[in-house]
>>> print(open('protein.pdb').read())   # PDB, C-alpha atoms and all ligand atoms
ATOM      1  CA  MET A   1       0.000   0.000   0.000
ATOM      2  CA  ASN A   2       1.217   3.526  -0.810
ATOM      3  CA  ASP A   3       2.192   5.850   2.011
ATOM      4  CA  VAL A   4      -1.216   7.421   2.627
ATOM      5  CA  PHE A   5       0.393  10.507   4.140
ATOM      6  CA  SER A   6       2.778  11.173   1.259
ATOM      7  CA  LEU A   7       1.984  13.919  -1.242
ATOM      8  CA  LYS A   8       4.794  12.898  -3.603
ATOM      9  CA  GLY A   9       3.728  13.413  -7.211
ATOM     10  CA  LYS A  10       0.728  15.518  -6.200
ATOM     11  CA  LYS A  11       0.302  19.030  -7.544
ATOM     12  CA  GLY A  12      -1.563  21.641  -5.569
ATOM     13  CA  LEU A  13      -2.625  25.268  -5.700
ATOM     14  CA  VAL A  14      -2.445  27.316  -2.497
ATOM     15  CA  VAL A  15      -4.300  30.640  -2.490
ATOM     16  CA  GLY A  16      -4.060  32.946   0.526
ATOM     17  CA  ILE A  17      -0.439  33.428   1.527
ATOM     18  CA  ALA A  18       0.097  37.028   2.677
ATOM     19  CA  ASN A  19       3.127  36.382   4.888
ATOM     20  CA  ASP A  20       4.750  33.671   6.991
ATOM     21  CA  LEU A  21       1.971  33.915   9.591
ATOM     22  CA  SER A  22      -0.759  33.029   7.071
ATOM     23  CA  ILE A  23      -2.678  29.793   7.545
ATOM     24  CA  ALA A  24      -2.087  29.187   3.823
ATOM     25  CA  TYR A  25       1.657  29.380   4.437
ATOM     26  CA  GLY A  26       1.395  26.771   7.204
ATOM     27  CA  CYS A  27      -0.504  24.551   4.754
ATOM     28  CA  ALA A  28       1.947  25.094   1.891
ATOM     29  CA  ALA A  29       4.979  24.428   4.106
ATOM     30  CA  VAL A  30       3.679  21.108   5.450
ATOM     31  CA  MET A  31       2.377  20.015   2.039
ATOM     32  CA  ARG A  32       5.751  20.753   0.434
ATOM     33  CA  ARG A  33       7.498  18.827   3.200
ATOM     34  CA  GLN A  34       5.240  15.875   2.365
ATOM     35  CA  GLY A  35       6.459  16.032  -1.247
ATOM     36  CA  ALA A  36       3.804  18.089  -3.062
ATOM     37  CA  ASP A  37       4.622  20.431  -5.946
ATOM     38  CA  LEU A  38       2.999  23.799  -5.406
ATOM     39  CA  ALA A  39       1.474  26.721  -7.252
ATOM     40  CA  VAL A  40       1.297  29.805  -5.043
ATOM     41  CA  THR A  41      -0.519  33.082  -5.636
ATOM     42  CA  TYR A  42      -0.132  36.582  -4.262
ATOM     43  CA  LEU A  43      -2.785  39.294  -4.085
ATOM     44  CA  ASN A  44      -1.021  42.182  -5.821
ATOM     45  CA  GLY A  45       2.286  43.964  -6.333
ATOM     46  CA  ALA A  46       2.437  45.100  -2.720
ATOM     47  CA  SER A  47       2.083  41.562  -1.350
ATOM     48  CA  GLU A  48       4.325  40.010  -4.009
ATOM     49  CA  LYS A  49       7.446  41.145  -2.168
ATOM     50  CA  PHE A  50       6.396  39.195   0.921
ATOM     51  CA  VAL A  51       4.977  36.168  -0.866
ATOM     52  CA  ARG A  52       7.530  35.573  -3.642
ATOM     53  CA  PRO A  53      10.469  34.802  -1.285
ATOM     54  CA  LEU A  54       8.255  32.361   0.646
ATOM     55  CA  ALA A  55       7.061  30.735  -2.581
ATOM     56  CA  GLU A  56      10.658  30.413  -3.791
ATOM     57  CA  GLN A  57      11.678  28.873  -0.492
ATOM     58  CA  LEU A  58       8.840  26.355  -1.073
ATOM     59  CA  GLN A  59      10.265  25.763  -4.588
ATOM     60  CA  ALA A  60       6.871  26.597  -6.071
ATOM     61  CA  ASP A  61       6.606  25.675  -9.769
ATOM     62  CA  ILE A  62       4.112  28.467 -10.395
ATOM     63  CA  ILE A  63       4.001  31.886  -8.700
ATOM     64  CA  ALA A  64       1.211  34.096 -10.016
ATOM     65  CA  PRO A  65      -0.949  37.080  -9.099
ATOM     66  CA  CYS A  66      -4.525  36.373  -8.067
ATOM     67  CA  ASP A  67      -7.019  38.897  -6.813
ATOM     68  CA  VAL A  68     -10.357  37.098  -7.067
ATOM     69  CA  ARG A  69     -12.039  40.499  -7.600
ATOM     70  CA  ILE A  70     -10.144  41.080 -10.857
ATOM     71  CA  ASP A  71     -11.881  39.527 -13.853
ATOM     72  CA  GLY A  72      -9.835  36.825 -15.524
ATOM     73  CA  GLN A  73      -6.992  36.571 -12.985
ATOM     74  CA  LEU A  74      -8.213  33.351 -11.410
ATOM     75  CA  GLU A  75      -8.875  31.880 -14.862
ATOM     76  CA  THR A  76      -5.302  32.727 -15.888
ATOM     77  CA  VAL A  77      -3.924  30.880 -12.847
ATOM     78  CA  PHE A  78      -5.852  27.748 -13.837
ATOM     79  CA  GLU A  79      -4.778  28.087 -17.498
ATOM     80  CA  THR A  80      -1.152  28.231 -16.352
ATOM     81  CA  ILE A  81      -1.705  25.124 -14.228
ATOM     82  CA  ALA A  82      -3.330  23.312 -17.172
ATOM     83  CA  GLN A  83      -0.392  24.178 -19.438
ATOM     84  CA  ARG A  84       2.367  23.470 -16.928
ATOM     85  CA  TRP A  85       0.974  20.469 -15.068
ATOM     86  CA  GLY A  86      -1.997  19.263 -17.136
ATOM     87  CA  LYS A  87      -3.751  18.346 -13.863
ATOM     88  CA  LEU A  88      -4.409  19.467 -10.318
ATOM     89  CA  ASP A  89      -4.584  17.175  -7.286
ATOM     90  CA  PHE A  90      -5.527  19.602  -4.538
ATOM     91  CA  LEU A  91      -6.488  23.175  -3.830
ATOM     92  CA  VAL A  92      -6.266  25.225  -0.638
ATOM     93  CA  HIS A  93      -8.578  28.262  -0.553
ATOM     94  CA  SER A  94      -7.553  30.334   2.457
ATOM     95  CA  ILE A  95      -8.852  33.837   1.800
ATOM     96  CA  ALA A  96     -11.412  36.112   3.380
ATOM     97  CA  PHE A  97     -12.236  39.773   3.398
ATOM     98  CA  ALA A  98     -14.892  42.115   4.783
ATOM     99  CA  PRO A  99     -14.940  45.923   4.718
ATOM    100  CA  LYS A 100     -13.949  47.180   8.163
ATOM    101  CA  GLU A 101     -16.999  49.403   8.645
ATOM    102  CA  ASP A 102     -19.302  46.416   8.057
ATOM    103  CA  LEU A 103     -17.195  43.952  10.039
ATOM    104  CA  HIS A 104     -17.053  46.188  13.096
ATOM    105  CA  GLY A 105     -20.769  46.905  13.282
ATOM    106  CA  ARG A 106     -23.720  44.721  14.155
ATOM    107  CA  THR A 107     -24.760  42.135  11.566
ATOM    108  CA  VAL A 108     -28.130  43.880  11.627
ATOM    109  CA  ASP A 109     -26.495  47.032  10.276
ATOM    110  CA  CYS A 110     -24.117  45.644   7.647
ATOM    111  CA  SER A 111     -24.476  47.143   4.193
ATOM    112  CA  SER A 112     -25.667  45.236   1.168
ATOM    113  CA  ALA A 113     -22.482  46.113  -0.740
ATOM    114  CA  GLY A 114     -20.210  45.114   2.166
ATOM    115  CA  PHE A 115     -22.031  41.826   2.699
ATOM    116  CA  ALA A 116     -21.927  41.038  -1.024
ATOM    117  CA  MET A 117     -18.205  41.777  -1.180
ATOM    118  CA  ALA A 118     -17.438  39.605   1.847
ATOM    119  CA  MET A 119     -19.502  36.765   0.356
ATOM    120  CA  ASP A 120     -17.857  37.123  -3.045
ATOM    121  CA  ILE A 121     -14.254  37.095  -1.788
ATOM    122  CA  SER A 122     -14.664  34.719   1.147
ATOM    123  CA  CYS A 123     -17.223  32.240  -0.191
ATOM    124  CA  HIS A 124     -18.131  32.472  -3.868
ATOM    125  CA  SER A 125     -14.445  32.563  -4.877
ATOM    126  CA  PHE A 126     -14.183  28.999  -3.517
ATOM    127  CA  ILE A 127     -17.113  27.968  -5.693
ATOM    128  CA  ARG A 128     -15.391  29.547  -8.723
ATOM    129  CA  MET A 129     -12.103  27.831  -7.897
ATOM    130  CA  THR A 130     -13.874  24.507  -7.541
ATOM    131  CA  ARG A 131     -15.511  24.962 -10.961
ATOM    132  CA  LEU A 132     -12.140  25.740 -12.551
ATOM    133  CA  ALA A 133     -10.420  22.842 -10.764
ATOM    134  CA  GLU A 134     -13.008  20.211 -11.783
ATOM    135  CA  PRO A 135     -11.774  19.662 -15.379
ATOM    136  CA  LEU A 136      -8.204  19.359 -14.090
ATOM    137  CA  MET A 137      -9.207  16.521 -11.762
ATOM    138  CA  PRO A 138     -10.327  13.711 -14.100
ATOM    139  CA  HIS A 139      -9.108  11.106 -11.614
ATOM    140  CA  GLY A 140     -10.325  12.892  -8.505
ATOM    141  CA  GLY A 141      -8.816  15.443  -6.161
ATOM    142  CA  SER A 142      -9.146  17.301  -2.901
ATOM    143  CA  LEU A 143     -10.465  20.830  -2.481
ATOM    144  CA  MET A 144     -10.407  22.618   0.834
ATOM    145  CA  THR A 145     -11.259  25.951   2.343
ATOM    146  CA  VAL A 146     -10.792  27.555   5.758
ATOM    147  CA  SER A 147     -13.787  28.312   7.965
ATOM    148  CA  TYR A 148     -14.281  29.409  11.569
ATOM    149  CA  TYR A 149     -16.477  28.373  14.500
ATOM    150  CA  GLY A 150     -18.225  31.768  14.280
ATOM    151  CA  GLY A 151     -20.076  30.337  11.255
ATOM    152  CA  ARG A 152     -21.747  27.795  13.564
ATOM    153  CA  LYS A 153     -22.330  29.681  16.800
ATOM    154  CA  VAL A 154     -22.363  33.348  17.698
ATOM    155  CA  VAL A 155     -18.877  34.565  18.581
ATOM    156  CA  GLU A 156     -18.706  38.118  19.912
ATOM    157  CA  HIS A 157     -17.158  40.577  17.445
ATOM    158  CA  TYR A 158     -17.131  38.078  14.549
ATOM    159  CA  ASN A 159     -20.319  39.784  13.367
ATOM    160  CA  MET A 160     -21.234  39.523   9.662
ATOM    161  CA  MET A 161     -18.392  37.072   8.934
ATOM    162  CA  GLY A 162     -20.479  34.494  10.824
ATOM    163  CA  PRO A 163     -23.150  34.235   8.103
ATOM    164  CA  VAL A 164     -20.392  34.301   5.451
ATOM    165  CA  LYS A 165     -18.605  31.312   7.005
ATOM    166  CA  ALA A 166     -21.946  29.504   7.434
ATOM    167  CA  ALA A 167     -22.517  29.949   3.687
ATOM    168  CA  LEU A 168     -19.006  28.683   3.005
ATOM    169  CA  GLU A 169     -19.497  25.533   5.099
ATOM    170  CA  ILE A 170     -22.816  24.619   3.502
ATOM    171  CA  SER A 171     -21.350  25.325   0.036
ATOM    172  CA  VAL A 172     -18.672  22.752   0.929
ATOM    173  CA  LYS A 173     -21.393  20.176   1.549
ATOM    174  CA  TYR A 174     -23.330  20.873  -1.659
ATOM    175  CA  MET A 175     -20.200  20.801  -3.798
ATOM    176  CA  ALA A 176     -18.963  17.636  -2.072
ATOM    177  CA  SER A 177     -22.274  16.010  -2.919
ATOM    178  CA  GLU A 178     -22.136  17.166  -6.546
ATOM    179  CA  LEU A 179     -18.498  16.182  -7.139
ATOM    180  CA  GLY A 180     -18.345  13.017  -5.034
ATOM    181  CA  PRO A 181     -19.180  10.765  -8.004
ATOM    182  CA  LYS A 182     -16.054  12.107  -9.743
ATOM    183  CA  GLY A 183     -13.849  11.339  -6.766
ATOM    184  CA  ILE A 184     -13.410  15.037  -6.044
ATOM    185  CA  ARG A 185     -13.565  15.698  -2.309
ATOM    186  CA  VAL A 186     -14.514  19.041  -0.787
ATOM    187  CA  ASN A 187     -13.849  19.863   2.867
ATOM    188  CA  ALA A 188     -13.286  22.748   5.261
ATOM    189  CA  ILE A 189     -10.712  23.164   7.992
ATOM    190  CA  SER A 190     -11.893  25.214  10.958
ATOM    191  CA  PRO A 191      -8.951  26.521  12.979
ATOM    192  CA  GLY A 192      -9.193  28.190  16.340
ATOM    193  CA  PRO A 193      -8.127  31.843  16.473
ATOM    194  CA  LEU A 194      -4.625  32.592  15.192
ATOM    195  CA  ARG A 195      -2.760  35.883  15.147
ATOM    196  CA  THR A 196      -2.704  36.611  11.399
ATOM    197  CA  ARG A 197      -3.172  39.752   9.351
ATOM    198  CA  ALA A 198      -6.806  38.938   8.550
ATOM    199  CA  ALA A 199      -7.505  38.313  12.245
ATOM    200  CA  SER A 200      -6.145  41.738  13.182
ATOM    201  CA  GLY A 201      -9.253  43.193  11.510
ATOM    202  CA  ILE A 202     -11.511  41.620  14.147
ATOM    203  CA  ASP A 203     -12.353  43.810  17.140
ATOM    204  CA  ARG A 204     -10.872  42.723  20.491
ATOM    205  CA  PHE A 205      -9.164  39.730  18.901
ATOM    206  CA  ASP A 206      -6.756  39.373  21.843
ATOM    207  CA  GLU A 207      -9.695  38.572  24.111
ATOM    208  CA  LEU A 208     -10.824  35.906  21.666
ATOM    209  CA  LEU A 209      -7.345  34.332  21.715
ATOM    210  CA  GLU A 210      -7.215  34.332  25.505
ATOM    211  CA  GLN A 211     -10.681  32.880  25.851
ATOM    212  CA  ALA A 212      -9.968  30.167  23.276
ATOM    213  CA  ALA A 213      -6.789  29.070  25.004
ATOM    214  CA  GLU A 214      -8.499  29.072  28.390
ATOM    215  CA  ARG A 215     -11.671  27.219  27.390
ATOM    216  CA  ALA A 216     -10.308  24.714  24.869
ATOM    217  CA  PRO A 217      -9.976  21.229  26.392
ATOM    218  CA  GLU A 218      -6.300  21.186  25.434
ATOM    219  CA  HIS A 219      -5.770  24.689  26.912
ATOM    220  CA  GLN A 220      -3.722  25.807  23.951
ATOM    221  CA  LEU A 221      -4.108  27.521  20.618
ATOM    222  CA  ALA A 222      -3.694  25.701  17.339
ATOM    223  CA  SER A 223      -0.783  26.768  15.141
ATOM    224  CA  ILE A 224      -0.561  27.285  11.401
ATOM    225  CA  GLU A 225       1.520  24.076  11.280
ATOM    226  CA  ASP A 226      -1.386  22.226  12.925
ATOM    227  CA  CYS A 227      -3.627  23.583  10.148
ATOM    228  CA  GLY A 228      -1.005  22.501   7.609
ATOM    229  CA  ALA A 229      -0.951  18.965   8.972
ATOM    230  CA  ALA A 230      -4.747  18.753   8.667
ATOM    231  CA  ALA A 231      -4.613  20.168   5.131
ATOM    232  CA  ALA A 232      -1.885  17.725   4.100
ATOM    233  CA  PHE A 233      -3.947  14.849   5.476
ATOM    234  CA  LEU A 234      -7.057  15.992   3.581
ATOM    235  CA  ALA A 235      -5.026  16.326   0.357
ATOM    236  CA  GLY A 236      -3.609  12.814   0.649
ATOM    237  CA  ASP A 237      -4.957   9.389  -0.241
ATOM    238  CA  GLY A 238      -5.446   8.662   3.461
ATOM    239  CA  ALA A 239      -8.494  10.943   3.385
ATOM    240  CA  LYS A 240     -10.042   9.394   0.266
ATOM    241  CA  ALA A 241     -13.261   8.558   2.117
ATOM    242  CA  ILE A 242     -13.590  11.971   3.756
ATOM    243  CA  THR A 243     -15.698  14.598   2.025
ATOM    244  CA  GLY A 244     -18.246  17.275   2.872
ATOM    245  CA  THR A 245     -16.933  17.741   6.362
ATOM    246  CA  THR A 246     -15.480  20.473   8.554
ATOM    247  CA  LEU A 247     -12.356  19.404  10.367
ATOM    248  CA  PHE A 248     -11.808  21.455  13.534
ATOM    249  CA  VAL A 249      -8.191  22.299  14.352
ATOM    250  CA  ASP A 250      -8.902  24.177  17.556
ATOM    251  CA  ALA A 251      -7.620  22.152  20.517
ATOM    252  CA  GLY A 252     -11.232  21.007  21.030
ATOM    253  CA  TYR A 253     -12.793  24.452  21.553
ATOM    254  CA  HIS A 254     -15.815  23.606  19.371
ATOM    255  CA  ILE A 255     -17.053  20.961  21.822
ATOM    256  CA  VAL A 256     -17.182  23.389  24.719
ATOM    257  CA  GLY A 257     -17.463  26.840  23.063
TER     258      GLY A 257
HETATM  259  P1  LIG B   1      -4.114  36.177   6.197
HETATM  260  O1  LIG B   1      -4.309  37.651   6.254
HETATM  261  O2  LIG B   1      -2.736  35.678   6.332
HETATM  262  O3  LIG B   1      -4.745  35.580   4.858
HETATM  263  C1  LIG B   1      -5.885  36.137   4.247
HETATM  264  C2  LIG B   1      -5.609  36.095   2.768
HETATM  265  O4  LIG B   1      -6.749  36.525   2.035
HETATM  266  C3  LIG B   1      -4.439  37.021   2.362
HETATM  267  O5  LIG B   1      -3.433  36.270   1.730
HETATM  268  C4  LIG B   1      -5.093  37.983   1.395
HETATM  269  O6  LIG B   1      -4.243  38.375   0.336
HETATM  270  C5  LIG B   1      -6.248  37.125   0.867
HETATM  271  N1  LIG B   1      -7.243  37.908   0.165
HETATM  272  C6  LIG B   1      -8.022  38.924   0.639
HETATM  273  N2  LIG B   1      -8.759  39.450  -0.369
HETATM  274  C7  LIG B   1      -8.448  38.742  -1.505
HETATM  275  C8  LIG B   1      -8.833  38.829  -2.862
HETATM  276  N3  LIG B   1      -9.691  39.752  -3.291
HETATM  277  N4  LIG B   1      -8.307  37.936  -3.744
HETATM  278  C9  LIG B   1      -7.402  37.005  -3.336
HETATM  279  N5  LIG B   1      -6.965  36.899  -2.061
HETATM  280  C10 LIG B   1      -7.484  37.760  -1.157
HETATM  281  O7  LIG B   1      -5.052  35.591   7.359
HETATM  282  P2  LIG B   1      -5.483  34.080   7.705
HETATM  283  O8  LIG B   1      -5.969  34.151   9.112
HETATM  284  O9  LIG B   1      -4.416  33.125   7.342
HETATM  285  O10 LIG B   1      -6.777  33.874   6.802
HETATM  286  C11 LIG B   1      -6.956  32.763   5.955
HETATM  287  C12 LIG B   1      -8.333  32.153   6.135
HETATM  288  O11 LIG B   1      -8.408  31.590   7.437
HETATM  289  C13 LIG B   1      -9.498  33.132   6.043
HETATM  290  O12 LIG B   1     -10.555  32.502   5.342
HETATM  291  C14 LIG B   1      -9.892  33.335   7.500
HETATM  292  O13 LIG B   1     -11.253  33.705   7.642
HETATM  293  C15 LIG B   1      -9.640  31.934   8.009
HETATM  294  N6  LIG B   1      -9.559  31.775   9.464
HETATM  295  C16 LIG B   1      -8.695  32.525  10.189
HETATM  296  C17 LIG B   1      -8.628  32.352  11.563
HETATM  297  C18 LIG B   1      -7.700  33.188  12.392
HETATM  298  O14 LIG B   1      -7.932  33.298  13.594
HETATM  299  N7  LIG B   1      -6.649  33.776  11.808
HETATM  300  C19 LIG B   1      -9.427  31.388  12.177
HETATM  301  C20 LIG B   1     -10.292  30.623  11.406
HETATM  302  C21 LIG B   1     -10.358  30.839  10.052
END
>>> encode(input="protein.pdb", output="structure tokens", more="lines below")
Ligand code: NAD
Amino acid sequence: MNDVFSLKGKKGLVVGIANDLSIAYGCAAVMRRQGADLAVTYLNGASEKFVRPLAEQLQADIIAPCDVRIDGQLETVFETIAQRWGKLDFLVHSIAFAPKEDLHGRTVDCSSAGFAMAMDISCHSFIRMTRLAEPLMPHGGSLMTVSYYGGRKVVEHYNMMGPVKAALEISVKYMASELGPKGIRVNAISPGPLRTRAASGIDRFDELLEQAAERAPEHQLASIEDCGAAAAFLAGDGAKAITGTTLFVDAGYHIVG
């Protein structure tokens, strides 16, 4: 039997590295260590200078710009993958965004435009990526996104991102059901709070970190490497019977939170 934890020979796209604190970076680093070949994207020129050195250190075959709000950029990434690799084995979608003025207010007050933008970048972009990945996965594959407990239960200050993550998690289930017959698996990883750039946009995030570490059964916070290990597992053949699920990487917080 093959090593079910090895990613040797597998090719994967990782979207969402901003810096070396990003959950996507933790995923890419562990996946590379397990033998995967990677395609890595950066948001724009400003983030390229942080992301490119990390991507080079990961010996990424493809390093490309990808702002999911810019028409055609995502399509170009997948065209490059089709030309260079002719296939894709896994995808990590680890991006989210909400306008600050909407994120910091009550859900009741969030604007239509702000809500639509958060849904587009944080949820619908995963649907678009899945659609583009499907033809590159004729023999199956593994697609994953990153959610948060605030999509299940009310978490103070998470506000309108709660409904966005709920939409993301149920989209995972519908797409897993639709693509299961093709051997394409779709899952979410749900990490506990981590000090990343995206997290710094959430009000009183330090309190959330403290509370998570205190209440979690393991009394610790998960790390981006822990997320990477879960992502690598989901990408590998060892997870071939796992689809449509949310895997919590949160030291057990979700059972007590
Ligand atoms: P991060 O800031 O390192 O990553 C967020 C990424 O989203 C960045 O790379 C950014 O460039 C990208 N992004 C934003 N708008 C984009 C756009 N228009 N097109 C393409 N990319 C865009 O922060 P992170 O915490 O690693 O966030 C990754 C994912 O993890 C997010 O979905 C976040 O909601 C989720 N998450 C984070 C935590 C946490 O506590 N940090 C917990 C659970 C889930």
>>> closest_residue(input="protein.pdb", among="A:Glu75, A:Asp237, A:Glu178, A:Asp250", to="Leu194 (chain A)", atoms="all atoms listed in the file")
A:Asp250
>>> closest_residue(input="protein.pdb", among="A:Leu168, A:Leu58, A:Val92, A:Ile17", to="Ala230 (chain A)", atoms="all atoms listed in the file")
A:Val92
>>> residues_around(input="protein.pdb", residues="Lys87 (chain A)", least_positions_apart="6", cutoff="10 Å", atoms="only C-alpha atoms", output="PDB file with C-alpha atoms, keeping the file's coordinate frame")
ATOM      1  CA  LYS A  10       0.728  15.518  -6.200  1.00  0.00           C
ATOM      2  CA  LYS A  11       0.302  19.030  -7.544  1.00  0.00           C
ATOM      3  CA  GLY A  12      -1.563  21.641  -5.569  1.00  0.00           C
ATOM      4  CA  PHE A  78      -5.852  27.748 -13.837  1.00  0.00           C
ATOM      5  CA  ILE A  81      -1.705  25.124 -14.228  1.00  0.00           C
ATOM      6  CA  ALA A 133     -10.420  22.842 -10.764  1.00  0.00           C
ATOM      7  CA  GLU A 134     -13.008  20.211 -11.783  1.00  0.00           C
ATOM      8  CA  PRO A 135     -11.774  19.662 -15.379  1.00  0.00           C
ATOM      9  CA  LEU A 136      -8.204  19.359 -14.090  1.00  0.00           C
ATOM     10  CA  MET A 137      -9.207  16.521 -11.762  1.00  0.00           C
ATOM     11  CA  PRO A 138     -10.327  13.711 -14.100  1.00  0.00           C
ATOM     12  CA  HIS A 139      -9.108  11.106 -11.614  1.00  0.00           C
ATOM     13  CA  GLY A 141      -8.816  15.443  -6.161  1.00  0.00           C
TER      14      GLY A 141
END
>>> closest_residue(input="protein.pdb", among="A:Cys110, A:Val155, A:Ala96, A:Ile23", to="Leu43 (chain A)", atoms="all atoms listed in the file")
A:Ala96
>>> closest_residue(input="protein.pdb", among="A:Gly238, A:Gly228, A:Pro53, A:Gly72", to="Leu132 (chain A)", atoms="all atoms listed in the file")
A:Gly72
>>> resolve_selection(input="protein.pdb", expression="the PyMOL selection byres (((chain A and resi 33) around 10) and not hetatm)", output="PyMOL selection string")
chain A and resi 6-8+27-32+34-37+58+232
>>> closest_atom_pairs(input="protein.pdb", of="chain A", to="ligand LIG 1 (chain B)", cutoff="7 Å", atoms="only C-alpha atoms and all ligand atoms", output="CSV")
residue,atom,partner,partner_atom,distance
A:Val15,CA,B:LIG1,N5,6.8
A:Gly16,CA,B:LIG1,O5,3.6
A:Ile17,CA,B:LIG1,O5,4.1
A:Ala18,CA,B:LIG1,O5,3.7
A:Asn19,CA,B:LIG1,O2,6.1
A:Leu21,CA,B:LIG1,O2,6.0
A:Ser22,CA,B:LIG1,O2,3.4
A:Ile23,CA,B:LIG1,O9,3.8
A:Ala24,CA,B:LIG1,O9,5.8
A:Tyr42,CA,B:LIG1,O6,6.4
A:Leu43,CA,B:LIG1,O6,4.7
A:Cys66,CA,B:LIG1,C9,5.6
A:Asp67,CA,B:LIG1,N4,3.5
A:Val68,CA,B:LIG1,N4,4.0
A:Arg69,CA,B:LIG1,N3,5.0
A:Ser94,CA,B:LIG1,C12,4.2
A:Ile95,CA,B:LIG1,O4,3.4
A:Ala96,CA,B:LIG1,O12,4.2
A:Phe97,CA,B:LIG1,C6,5.1
A:Ile121,CA,B:LIG1,N3,5.5
A:Ser122,CA,B:LIG1,O12,6.3
A:Val146,CA,B:LIG1,O12,5.0
A:Ser147,CA,B:LIG1,C21,4.7
A:Tyr148,CA,B:LIG1,C20,4.2
A:Ser190,CA,B:LIG1,C20,5.7
A:Pro191,CA,B:LIG1,C20,4.6
A:Gly192,CA,B:LIG1,C19,5.3
A:Pro193,CA,B:LIG1,O14,3.2
A:Leu194,CA,B:LIG1,O14,3.7
A:Arg195,CA,B:LIG1,N7,5.5
A:Thr196,CA,B:LIG1,O8,4.7
A:Arg197,CA,B:LIG1,O1,3.9
A:Ala198,CA,B:LIG1,O1,3.6
A:Ala199,CA,B:LIG1,N7,4.6
>>> resolve_selection(input="protein.pdb", expression="the PyMOL selection byres (((chain A and resi 217) around 12) and not hetatm)", output="PyMOL selection string")
chain A and resi 211-216+218-222+250-257
>>> closest_residue(input="protein.pdb", among="A:Pro163, A:Gly26, A:Pro65, A:Gly9", to="Gly150 (chain A)", atoms="all atoms listed in the file")
A:Pro163
>>> residues_around(input="protein.pdb", residues="Tyr158 (chain A)", least_positions_apart="5", cutoff="10 Å", atoms="only C-alpha atoms", output="ChimeraX atom specification")
/A:103-107,148-151,163,199,201-205,208
>>> write_last_selection(input="protein.pdb", atoms="C-alpha atoms", output="PDB file, in the frame of the given file")
ATOM      1  CA  LEU A 103     -17.195  43.952  10.039  1.00  0.00           C
ATOM      2  CA  HIS A 104     -17.053  46.188  13.096  1.00  0.00           C
ATOM      3  CA  GLY A 105     -20.769  46.905  13.282  1.00  0.00           C
ATOM      4  CA  ARG A 106     -23.720  44.721  14.155  1.00  0.00           C
ATOM      5  CA  THR A 107     -24.760  42.135  11.566  1.00  0.00           C
ATOM      6  CA  TYR A 148     -14.281  29.409  11.569  1.00  0.00           C
ATOM      7  CA  TYR A 149     -16.477  28.373  14.500  1.00  0.00           C
ATOM      8  CA  GLY A 150     -18.225  31.768  14.280  1.00  0.00           C
ATOM      9  CA  GLY A 151     -20.076  30.337  11.255  1.00  0.00           C
ATOM     10  CA  PRO A 163     -23.150  34.235   8.103  1.00  0.00           C
ATOM     11  CA  ALA A 199      -7.505  38.313  12.245  1.00  0.00           C
ATOM     12  CA  GLY A 201      -9.253  43.193  11.510  1.00  0.00           C
ATOM     13  CA  ILE A 202     -11.511  41.620  14.147  1.00  0.00           C
ATOM     14  CA  ASP A 203     -12.353  43.810  17.140  1.00  0.00           C
ATOM     15  CA  ARG A 204     -10.872  42.723  20.491  1.00  0.00           C
ATOM     16  CA  PHE A 205      -9.164  39.730  18.901  1.00  0.00           C
ATOM     17  CA  LEU A 208     -10.824  35.906  21.666  1.00  0.00           C
TER      18      LEU A 208
END
>>> residues_around(input="protein.pdb", residues="Ile170 (chain A)", least_positions_apart="3", cutoff="12 Å", atoms="all atoms listed in the file", output="list in words")
Cys123, His124, Phe126, Ile127, Thr145, Ser147, Gly151, Arg152, Pro163, Val164, Lys165, Ala166, Ala167, Lys173, Tyr174, Met175, Ala176, Ser177, Val186, Asn187, Ala188, Gly244, Thr245 and Thr246 of chain A
>>> atom_distance(input="protein.pdb", atom1="CA of Asp89 (chain A)", atom2="CA of Leu13 (chain A)")
8.5 Å
>>> atom_distance(input="protein.pdb", atom1="CA of Glu79 (chain A)", atom2="CA of Met117 (chain A)")
25.2 Å
>>> atom_distance(input="protein.pdb", atom1="CA of Ile242 (chain A)", atom2="CA of Met144 (chain A)")
11.5 Å
>>> closest_residue(input="protein.pdb", among="A:Met129, A:Ala39, A:Val77, A:Ala118", to="His93 (chain A)", atoms="only C-alpha atoms")
A:Met129
>>> residues_around(input="protein.pdb", residues="Ala235 (chain A)", least_positions_apart="3", cutoff="7 Å", atoms="all atoms listed in the file", output="JSON, numbers by chain")
{"A": [90, 142, 231, 232]}
>>> build_atoms(input="protein.pdb", residues="region 14-20 of chain A", atoms="N, CA and C atoms", output="short mmCIF file (atom, residue, chain, number, x, y, z; two decimals), in the coordinates of the input")
data_model
loop_
_atom_site.label_atom_id
_atom_site.label_comp_id
_atom_site.auth_asym_id
_atom_site.auth_seq_id
_atom_site.Cartn_x
_atom_site.Cartn_y
_atom_site.Cartn_z
N VAL A 14 -2.18 26.72 -3.81
CA VAL A 14 -2.44 27.32 -2.50
C VAL A 14 -2.70 28.81 -2.69
N VAL A 15 -3.91 29.23 -2.35
CA VAL A 15 -4.30 30.64 -2.49
C VAL A 15 -4.52 31.22 -1.09
N GLY A 16 -3.81 32.29 -0.77
CA GLY A 16 -4.06 32.95 0.53
C GLY A 16 -2.83 33.22 1.36
N ILE A 17 -1.63 33.06 0.76
CA ILE A 17 -0.44 33.43 1.53
C ILE A 17 -0.26 34.95 1.45
N ALA A 18 -0.22 35.59 2.61
CA ALA A 18 0.10 37.03 2.68
C ALA A 18 1.49 37.20 3.26
N ASN A 19 1.81 36.33 4.23
CA ASN A 19 3.13 36.38 4.89
C ASN A 19 3.36 35.03 5.59
N ASP A 20 4.42 34.97 6.38
CA ASP A 20 4.75 33.67 6.99
C ASP A 20 3.90 33.35 8.22
#
